[in-house]
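This is target.cif (mmCIF, C-alpha atoms).
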data_protein
#
loop_
_atom_site.group_PDB
_atom_site.id
_atom_site.type_symbol
_atom_site.label_atom_id
_atom_site.label_comp_id
_atom_site.auth_asym_id
_atom_site.auth_seq_id
_atom_site.Cartn_x
_atom_site.Cartn_y
_atom_site.Cartn_z
ATOM 1 C CA MET A 116 -45.997 -0.363 11.972
ATOM 2 C CA ASN A 117 -45.754 1.633 8.747
ATOM 3 C CA TRP A 118 -42.352 1.634 7.078
ATOM 4 C CA THR A 119 -41.312 4.352 4.702
ATOM 5 C CA ARG A 120 -39.316 3.464 1.637
ATOM 6 C CA GLY A 121 -36.314 5.292 3.079
ATOM 7 C CA ALA A 122 -36.485 3.369 6.346
ATOM 8 C CA VAL A 123 -36.599 0.061 4.484
ATOM 9 C CA ALA A 124 -33.567 1.078 2.453
ATOM 10 C CA VAL A 125 -31.630 2.048 5.581
ATOM 11 C CA LEU A 126 -32.514 -1.261 7.239
ATOM 12 C CA GLY A 127 -31.409 -3.149 4.133
ATOM 13 C CA LEU A 128 -28.058 -1.367 4.100
ATOM 14 C CA ALA A 129 -27.556 -2.086 7.792
ATOM 15 C CA LEU A 130 -28.273 -5.799 7.326
ATOM 16 C CA CYS A 131 -25.933 -5.934 4.334
ATOM 17 C CA ALA A 132 -23.162 -4.243 6.316
ATOM 18 C CA ALA A 133 -23.680 -6.657 9.203
ATOM 19 C CA GLY A 134 -23.458 -9.626 6.830
ATOM 20 C CA THR A 135 -20.264 -8.244 5.304
ATOM 21 C CA ALA A 136 -18.776 -7.743 8.756
ATOM 22 C CA VAL A 137 -19.543 -11.354 9.701
ATOM 23 C CA ARG A 138 -17.989 -12.669 6.489
ATOM 24 C CA SER A 139 -14.900 -10.489 7.001
ATOM 25 C CA ALA A 140 -14.548 -11.772 10.571
ATOM 26 C CA ASP A 141 -14.851 -15.366 9.350
ATOM 27 C CA GLN A 142 -12.200 -14.796 6.693
ATOM 28 C CA ALA A 143 -9.891 -13.155 9.233
ATOM 29 C CA GLY A 144 -10.334 -16.158 11.519
ATOM 30 C CA GLU A 145 -9.508 -18.581 8.715
ATOM 31 C CA GLU A 146 -6.304 -16.654 7.953
ATOM 32 C CA LYS A 147 -5.142 -16.339 11.574
ATOM 33 C CA GLY A 148 -1.472 -17.171 11.925
ATOM 34 C CA PHE A 149 -0.708 -16.926 8.206
ATOM 35 C CA THR A 150 2.125 -14.777 6.890
ATOM 36 C CA PRO A 151 2.271 -13.506 3.290
ATOM 37 C CA LEU A 152 4.986 -15.151 1.206
ATOM 38 C CA PHE A 153 4.299 -12.771 -1.676
ATOM 39 C CA ASN A 154 3.732 -9.099 -0.813
ATOM 40 C CA GLY A 155 1.792 -8.299 -3.988
ATOM 41 C CA LYS A 156 4.321 -5.665 -5.034
ATOM 42 C CA ASP A 157 7.632 -7.340 -5.874
ATOM 43 C CA THR A 158 9.633 -10.533 -5.353
ATOM 44 C CA SER A 159 11.119 -9.584 -1.991
ATOM 45 C CA GLY A 160 11.798 -12.769 -0.004
ATOM 46 C CA TRP A 161 12.481 -14.784 -3.144
ATOM 47 C CA HIS A 162 15.466 -15.427 -5.383
ATOM 48 C CA LEU A 163 16.111 -17.075 -8.725
ATOM 49 C CA ARG A 164 17.125 -20.703 -8.530
ATOM 50 C CA ARG A 165 19.988 -20.009 -10.926
ATOM 51 C CA PRO A 166 21.754 -16.730 -10.191
ATOM 52 C CA GLY A 167 22.036 -14.850 -13.439
ATOM 53 C CA GLY A 168 19.378 -17.039 -15.060
ATOM 54 C CA LYS A 169 16.629 -15.626 -17.232
ATOM 55 C CA ASN A 170 13.976 -13.837 -15.195
ATOM 56 C CA GLY A 171 10.476 -13.924 -16.635
ATOM 57 C CA TRP A 172 8.795 -12.977 -13.328
ATOM 58 C CA THR A 173 6.865 -9.708 -13.119
ATOM 59 C CA VAL A 174 4.283 -8.271 -10.716
ATOM 60 C CA GLU A 175 1.181 -6.378 -11.774
ATOM 61 C CA ASN A 176 -1.937 -5.521 -9.747
ATOM 62 C CA GLY A 177 -1.036 -7.938 -6.970
ATOM 63 C CA VAL A 178 -0.384 -10.842 -9.350
ATOM 64 C CA LEU A 179 2.978 -12.596 -9.711
ATOM 65 C CA MET A 180 3.308 -13.625 -13.355
ATOM 66 C CA ASN A 181 5.834 -15.834 -15.083
ATOM 67 C CA LYS A 182 6.442 -15.866 -18.802
ATOM 68 C CA PRO A 183 9.127 -18.305 -20.008
ATOM 69 C CA PRO A 184 11.954 -18.460 -20.806
ATOM 70 C CA SER A 185 12.505 -18.060 -17.099
ATOM 71 C CA THR A 186 13.941 -19.621 -13.958
ATOM 72 C CA ASP A 187 12.356 -21.166 -10.860
ATOM 73 C CA LEU A 188 11.645 -18.723 -8.039
ATOM 74 C CA VAL A 189 12.775 -19.929 -4.601
ATOM 75 C CA SER A 190 11.751 -18.604 -1.182
ATOM 76 C CA ASP A 191 14.636 -17.233 0.860
ATOM 77 C CA LYS A 192 13.360 -19.080 3.930
ATOM 78 C CA ALA A 193 13.102 -22.835 4.407
ATOM 79 C CA TYR A 194 10.027 -24.480 5.932
ATOM 80 C CA GLU A 195 9.534 -27.936 7.414
ATOM 81 C CA ASP A 196 6.033 -28.231 8.929
ATOM 82 C CA PHE A 197 3.493 -25.754 7.607
ATOM 83 C CA GLN A 198 0.183 -24.979 5.955
ATOM 84 C CA ILE A 199 0.384 -23.062 2.688
ATOM 85 C CA ARG A 200 -2.397 -21.404 0.715
ATOM 86 C CA TYR A 201 -2.148 -19.912 -2.734
ATOM 87 C CA GLU A 202 -4.133 -19.089 -5.834
ATOM 88 C CA TYR A 203 -2.851 -19.846 -9.304
ATOM 89 C CA ARG A 204 -3.872 -19.402 -12.906
ATOM 90 C CA SER A 205 -2.056 -21.599 -15.391
ATOM 91 C CA TYR A 206 -1.616 -21.587 -19.130
ATOM 92 C CA GLY A 207 0.610 -24.652 -19.265
ATOM 93 C CA ASN A 208 2.754 -26.987 -17.181
ATOM 94 C CA SER A 209 4.152 -25.701 -13.889
ATOM 95 C CA GLY A 210 4.222 -26.602 -10.215
ATOM 96 C CA VAL A 211 4.851 -25.565 -6.622
ATOM 97 C CA GLY A 212 7.638 -27.259 -4.689
ATOM 98 C CA LEU A 213 7.311 -27.860 -0.943
ATOM 99 C CA ARG A 214 10.286 -28.482 1.354
ATOM 100 C CA GLY A 215 12.342 -28.053 -1.785
ATOM 101 C CA ARG A 216 11.534 -31.541 -3.048
ATOM 102 C CA TYR A 217 7.801 -32.401 -3.206
ATOM 103 C CA GLU A 218 5.790 -30.896 -6.040
ATOM 104 C CA ILE A 219 2.093 -30.107 -6.317
ATOM 105 C CA GLN A 220 1.591 -30.260 -10.057
ATOM 106 C CA ILE A 221 0.041 -27.493 -12.134
ATOM 107 C CA ASP A 222 -1.173 -28.429 -15.599
ATOM 108 C CA ASP A 223 -4.078 -28.066 -18.009
ATOM 109 C CA SER A 224 -6.053 -31.105 -16.821
ATOM 110 C CA TYR A 225 -9.623 -29.855 -17.046
ATOM 111 C CA GLY A 226 -11.998 -32.709 -17.901
ATOM 112 C CA LYS A 227 -9.261 -35.345 -17.879
ATOM 113 C CA PRO A 228 -8.954 -38.418 -15.601
ATOM 114 C CA ALA A 229 -7.033 -37.808 -12.382
ATOM 115 C CA GLU A 230 -3.446 -39.060 -12.581
ATOM 116 C CA ALA A 231 -0.096 -38.646 -10.868
ATOM 117 C CA HIS A 232 1.220 -36.120 -13.391
ATOM 118 C CA GLY A 233 -1.971 -34.065 -13.679
ATOM 119 C CA ASN A 234 -3.141 -30.873 -12.034
ATOM 120 C CA GLY A 235 -3.286 -31.140 -8.236
ATOM 121 C CA ALA A 236 -1.231 -34.343 -8.061
ATOM 122 C CA ILE A 237 1.720 -34.948 -5.771
ATOM 123 C CA TYR A 238 3.919 -35.110 -8.820
ATOM 124 C CA SER A 239 4.949 -38.655 -9.824
ATOM 125 C CA GLN A 240 3.727 -39.996 -6.448
ATOM 126 C CA LEU A 241 -0.033 -39.713 -6.072
ATOM 127 C CA ALA A 242 -2.990 -38.783 -8.254
ATOM 128 C CA PRO A 243 -5.661 -36.638 -6.566
ATOM 129 C CA SER A 244 -8.736 -38.565 -5.431
ATOM 130 C CA GLN A 245 -10.684 -36.654 -8.089
ATOM 131 C CA ASN A 246 -9.893 -34.091 -10.732
ATOM 132 C CA VAL A 247 -11.448 -30.783 -9.655
ATOM 133 C CA SER A 248 -9.434 -28.676 -12.099
ATOM 134 C CA LYS A 249 -10.891 -25.569 -13.658
ATOM 135 C CA PRO A 250 -10.365 -24.623 -17.327
ATOM 136 C CA LYS A 251 -7.074 -23.095 -18.389
ATOM 137 C CA GLY A 252 -6.759 -19.443 -17.379
ATOM 138 C CA GLU A 253 -9.226 -19.570 -14.465
ATOM 139 C CA TRP A 254 -8.084 -18.899 -10.908
ATOM 140 C CA GLN A 255 -7.743 -22.012 -8.739
ATOM 141 C CA THR A 256 -6.894 -22.511 -5.058
ATOM 142 C CA ILE A 257 -4.635 -24.831 -3.087
ATOM 143 C CA ASP A 258 -4.573 -25.300 0.678
ATOM 144 C CA ALA A 259 -1.831 -27.796 1.575
ATOM 145 C CA THR A 260 -0.684 -28.979 4.986
ATOM 146 C CA VAL A 261 2.705 -30.669 5.328
ATOM 147 C CA GLN A 262 3.444 -32.051 8.775
ATOM 148 C CA GLY A 263 5.822 -34.825 9.635
ATOM 149 C CA GLY A 264 6.034 -37.094 6.606
ATOM 150 C CA ARG A 265 2.483 -36.511 5.415
ATOM 151 C CA ILE A 266 0.561 -34.077 3.237
ATOM 152 C CA THR A 267 -3.098 -33.123 2.881
ATOM 153 C CA VAL A 268 -4.300 -31.015 -0.045
ATOM 154 C CA ILE A 269 -7.572 -29.138 -0.512
ATOM 155 C CA HIS A 270 -7.910 -28.192 -4.185
ATOM 156 C CA ASN A 271 -10.618 -25.708 -5.160
ATOM 157 C CA GLY A 272 -12.366 -26.398 -1.859
ATOM 158 C CA VAL A 273 -12.285 -30.202 -2.194
ATOM 159 C CA LYS A 274 -9.979 -32.502 -0.196
ATOM 160 C CA THR A 275 -8.170 -34.418 -2.932
ATOM 161 C CA VAL A 276 -5.133 -35.687 -0.985
ATOM 162 C CA ASP A 277 -5.855 -37.001 2.504
ATOM 163 C CA ASN A 278 -2.911 -37.416 4.896
ATOM 164 C CA TYR A 279 -0.729 -39.075 2.260
ATOM 165 C CA GLU A 280 2.634 -40.430 3.395
ATOM 166 C CA LEU A 281 5.271 -38.791 1.204
ATOM 167 C CA LYS A 282 7.860 -40.964 -0.489
ATOM 168 C CA LYS A 283 11.430 -40.187 -1.421
ATOM 169 C CA PRO A 284 11.536 -37.535 -4.113
ATOM 170 C CA GLY A 285 11.972 -38.818 -7.629
ATOM 171 C CA THR A 286 11.419 -36.734 -10.702
ATOM 172 C CA GLY A 287 10.053 -33.206 -10.402
ATOM 173 C CA ILE A 288 11.297 -30.282 -8.366
ATOM 174 C CA GLN A 289 14.390 -31.065 -6.315
ATOM 175 C CA TYR A 290 16.391 -28.269 -4.717
ATOM 176 C CA GLY A 291 19.926 -29.069 -3.667
ATOM 177 C CA ASP A 292 20.409 -32.175 -1.538
ATOM 178 C CA LYS A 293 17.432 -31.749 0.796
ATOM 179 C CA LEU A 294 16.430 -35.037 2.416
ATOM 180 C CA GLU A 295 13.461 -36.394 4.352
ATOM 181 C CA GLY A 296 13.165 -34.840 7.795
ATOM 182 C CA GLU A 297 14.670 -31.534 6.702
ATOM 183 C CA GLY A 298 13.043 -28.250 5.896
ATOM 184 C CA GLY A 299 13.333 -26.693 2.473
ATOM 185 C CA PRO A 300 12.161 -23.707 0.455
ATOM 186 C CA VAL A 301 8.933 -23.131 -1.427
ATOM 187 C CA ILE A 302 9.624 -23.222 -5.168
ATOM 188 C CA LEU A 303 7.509 -21.685 -7.913
ATOM 189 C CA GLN A 304 8.379 -23.481 -11.128
ATOM 190 C CA GLY A 305 9.369 -20.980 -13.777
ATOM 191 C CA ASP A 306 11.175 -22.996 -16.430
ATOM 192 C CA HIS A 307 8.086 -24.677 -17.920
ATOM 193 C CA GLY A 308 4.811 -22.982 -18.915
ATOM 194 C CA PRO A 309 3.266 -19.580 -18.141
ATOM 195 C CA VAL A 310 1.600 -19.313 -14.734
ATOM 196 C CA ASP A 311 0.266 -16.584 -12.434
ATOM 197 C CA PHE A 312 0.135 -16.597 -8.611
ATOM 198 C CA ARG A 313 -1.516 -14.431 -5.986
ATOM 199 C CA ASN A 314 -2.329 -14.509 -2.256
ATOM 200 C CA ILE A 315 0.531 -16.837 -1.354
ATOM 201 C CA ARG A 316 0.618 -17.220 2.434
ATOM 202 C CA ILE A 317 2.014 -19.697 4.918
ATOM 203 C CA LYS A 318 1.595 -20.741 8.556
ATOM 204 C CA GLU A 319 4.362 -22.637 10.280
ATOM 205 C CA LEU A 320 3.236 -25.604 12.384
ATOM 206 C CA PRO A 321 4.821 -27.499 15.279
ATOM 207 C CA ALA A 322 6.881 -30.538 14.385
ATOM 208 C CA LYS A 323 5.018 -33.819 14.371
#
What is this file in structure tokens?
Amino acid sequence: MNWTRGAVAVLGLALCAAGTAVRSADQAGEEKGFTPLFNGKDTSGWHLRRPGGKNGWTVENGVLMNKPPSTDLVSDKAYEDFQIRYEYRSYGNSGVGLRGRYEIQIDDSYGKPAEAHGNGAIYSQLAPSQNVSKPKGEWQTIDATVQGGRITVIHNGVKTVDNYELKKPGTGIQYGDKLEGEGGPVILQGDHGPVDFRNIRIKELPAK
């Protein structure tokens, strides 16, 4: 069969569109059941940890940015068993609090040994199995599942915390008097270094 240049081009476009459709379907499947925690426009659904505290949080082009001096940002809703996904870009020390008391550390740890106060650690409890941090200012991803008393973390596509049994909170983020076995808010640390977030979403899970 003889193919004209135009026919080849049309076929190529069709194959490309089909590939894009498959990828979009896969992505939609991966996100099934997730609800946005950040709407990409403003901080609806969140409040400052200290009412009247300094607010360095702004939103631009779908990115939630914090520039200290500022205050932690706390989700209005509490969560107990859930899977959370978010992207972050850090320029210093920060963190994300889960259940209002367990912190996944954010820090400039590129090229450093993994440790319990470094990027991707369960702060002051557990170092990641390996340091998969990207350089300062690059977007990174976290996919964390908290169910029962355990947590699993996938950092930049690599499982770095595998079904770890959480201990009593020590230093780090602690919101109110939340205890083990209770739900708590998601906290974006705002009183340390500059950090950006986007695509924050969560899926609640059955109790375990």
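Across the structure, CA of Asn176 (chain A) and CA of Arg313 (chain A) are spaced 9.7 Å apart.
Using the PyMOL selection byres ((chain A and resi 218) around 7) on the file at hand returns these residues: Gly210, Val211, Gly212, Leu213, Arg216, Tyr217, Ile219, Gln220, Ile237, Tyr238, Gly287 and Ile288 of chain A.
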Take the residues that were just selected and, keeping C-alpha atoms, output them as a compact mmCIF listing (two decimals), in the coordinates of the input.
# COMPACT_ATOMS: atom_id res chain seq x y z
CA GLY A 210 4.22 -26.60 -10.22
CA VAL A 211 4.85 -25.56 -6.62
CA GLY A 212 7.64 -27.26 -4.69
CA LEU A 213 7.31 -27.86 -0.94
CA ARG A 216 11.53 -31.54 -3.05
CA TYR A 217 7.80 -32.40 -3.21
CA ILE A 219 2.09 -30.11 -6.32
CA GLN A 220 1.59 -30.26 -10.06
CA ILE A 237 1.72 -34.95 -5.77
CA TYR A 238 3.92 -35.11 -8.82
CA GLY A 287 10.05 -33.21 -10.40
CA ILE A 288 11.30 -30.28 -8.37
Task: Distance in Å - CA of Lys182 (chain A) versus CA of Ala242 (chain A) - done: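 Computed distance, CA of Lys182 (chain A) to CA of Ala242 (chain A), equals 26.9 Å.
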Open item on the list: Could you tell me how far CA of Val301 (chain A) sits from CA of Lys251 (chain A), in Å to one decimal place?
Closed with: 23.3 Å
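Shell of region 258-272 of chain A at 7 Å, with only C-alpha atoms counted and residues fewer than 5 places along the chain excluded, is A:Asp196, A:Phe197, A:Gln198, A:Ile199, A:Arg200, A:Tyr201, A:Gly235, A:Val247, A:Asp277, A:Asn278, A:Tyr279, A:Glu280, A:Leu281, A:Ala322, A:Lys323.
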- [ ] Tell me, as a VMD selection string, which residues lie within 10 Å of region 144-155 of chain A, counting all atoms listed in the file; anything in the same chain fewer than 3 positions away does not count.
- [x] chain A and resid 138 to 141 158 to 161 174 to 179 190 to 192 197 to 201 301 312 to 320
- [ ] May I have the residues within 6 Å of Met180 (chain A) as a ChimeraX atom specification, using all atoms listed in the file and disregarding those fewer than 6 positions away in the same chain?
- [x] /A:172-173,311
TODO: Considering all atoms listed in the file, state which residue in the set A:Pro228, A:Gln304, A:Glu297, A:Gly167 is at the smallest distance from Tyr194 (chain A).
DONE: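 Among A:Pro228, A:Gln304, A:Glu297, A:Gly167, it is A:Glu297 that comes nearest to Tyr194 (chain A).
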Open item on the list: Ranking A:Arg204, A:Arg165, A:His232, A:Arg214 by minimum distance to Ile302 (chain A) and counting only C-alpha atoms, which one comes first?
Closed with: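 Closest to Ile302 (chain A) of all the choices is A:Arg214.
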Completion of region 209-236 of chain A up to N, CA and C atoms, as a short mmCIF file (atom, residue, chain, number, x, y, z; two decimals), in the coordinates of the input:
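Dumped to selection_7.cif:
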data_model
loop_
_atom_site.label_atom_id
_atom_site.label_comp_id
_atom_site.auth_asym_id
_atom_site.auth_seq_id
_atom_site.Cartn_x
_atom_site.Cartn_y
_atom_site.Cartn_z
N SER A 209 3.36 -26.37 -14.92
CA SER A 209 4.15 -25.70 -13.89
C SER A 209 4.01 -26.50 -12.60
N GLY A 210 4.35 -25.89 -11.48
CA GLY A 210 4.22 -26.60 -10.22
C GLY A 210 4.71 -25.76 -9.05
N VAL A 211 4.38 -26.21 -7.85
CA VAL A 211 4.85 -25.56 -6.62
C VAL A 211 5.57 -26.61 -5.80
N GLY A 212 6.83 -26.33 -5.47
CA GLY A 212 7.64 -27.26 -4.69
C GLY A 212 7.55 -26.95 -3.20
N LEU A 213 7.40 -27.99 -2.39
CA LEU A 213 7.31 -27.86 -0.94
C LEU A 213 8.48 -28.59 -0.30
N ARG A 214 9.07 -27.96 0.72
CA ARG A 214 10.29 -28.48 1.35
C ARG A 214 11.41 -28.65 0.33
N GLY A 215 11.29 -28.00 -0.78
CA GLY A 215 12.34 -28.05 -1.78
C GLY A 215 12.42 -29.35 -2.55
N ARG A 216 11.40 -30.24 -2.40
CA ARG A 216 11.53 -31.54 -3.05
C ARG A 216 10.22 -32.22 -3.42
N TYR A 217 9.09 -31.80 -2.86
CA TYR A 217 7.80 -32.40 -3.21
C TYR A 217 6.99 -31.39 -4.00
N GLU A 218 6.45 -31.83 -5.12
CA GLU A 218 5.79 -30.90 -6.04
C GLU A 218 4.28 -31.14 -6.14
N ILE A 219 3.51 -30.07 -5.97
CA ILE A 219 2.09 -30.11 -6.32
C ILE A 219 1.99 -29.63 -7.76
N GLN A 220 1.56 -30.51 -8.61
CA GLN A 220 1.59 -30.26 -10.06
C GLN A 220 0.56 -29.22 -10.48
N ILE A 221 0.95 -28.42 -11.45
CA ILE A 221 0.04 -27.49 -12.13
C ILE A 221 0.07 -27.86 -13.61
N ASP A 222 -1.11 -28.08 -14.18
CA ASP A 222 -1.17 -28.43 -15.60
C ASP A 222 -2.60 -28.19 -16.10
N ASP A 223 -2.76 -28.20 -17.41
CA ASP A 223 -4.08 -28.07 -18.01
C ASP A 223 -4.74 -29.44 -18.04
N SER A 224 -5.48 -29.77 -16.96
CA SER A 224 -6.05 -31.10 -16.82
C SER A 224 -7.58 -31.09 -16.78
N TYR A 225 -8.16 -29.97 -17.13
CA TYR A 225 -9.62 -29.86 -17.05
C TYR A 225 -10.31 -30.95 -17.87
N GLY A 226 -11.22 -31.69 -17.21
CA GLY A 226 -12.00 -32.71 -17.90
C GLY A 226 -11.28 -34.01 -18.14
N LYS A 227 -10.04 -34.13 -17.66
CA LYS A 227 -9.26 -35.34 -17.88
C LYS A 227 -9.32 -36.24 -16.64
N PRO A 228 -9.01 -37.54 -16.78
CA PRO A 228 -8.95 -38.42 -15.60
C PRO A 228 -7.84 -37.97 -14.65
N ALA A 229 -8.07 -38.14 -13.36
CA ALA A 229 -7.03 -37.81 -12.38
C ALA A 229 -5.85 -38.76 -12.54
N GLU A 230 -4.65 -38.21 -12.50
CA GLU A 230 -3.45 -39.06 -12.58
C GLU A 230 -2.27 -38.36 -11.93
N ALA A 231 -1.20 -39.11 -11.70
CA ALA A 231 -0.10 -38.65 -10.87
C ALA A 231 0.77 -37.57 -11.51
N HIS A 232 0.49 -37.21 -12.75
CA HIS A 232 1.22 -36.12 -13.39
C HIS A 232 0.27 -35.00 -13.81
N GLY A 233 -0.97 -35.06 -13.32
CA GLY A 233 -1.97 -34.06 -13.68
C GLY A 233 -2.11 -32.98 -12.63
N ASN A 234 -2.93 -32.01 -12.92
CA ASN A 234 -3.14 -30.87 -12.03
C ASN A 234 -3.59 -31.34 -10.65
N GLY A 235 -2.93 -30.81 -9.61
CA GLY A 235 -3.29 -31.14 -8.24
C GLY A 235 -2.65 -32.40 -7.69
N ALA A 236 -1.89 -33.12 -8.51
CA ALA A 236 -1.23 -34.34 -8.06
C ALA A 236 0.00 -34.03 -7.21
#
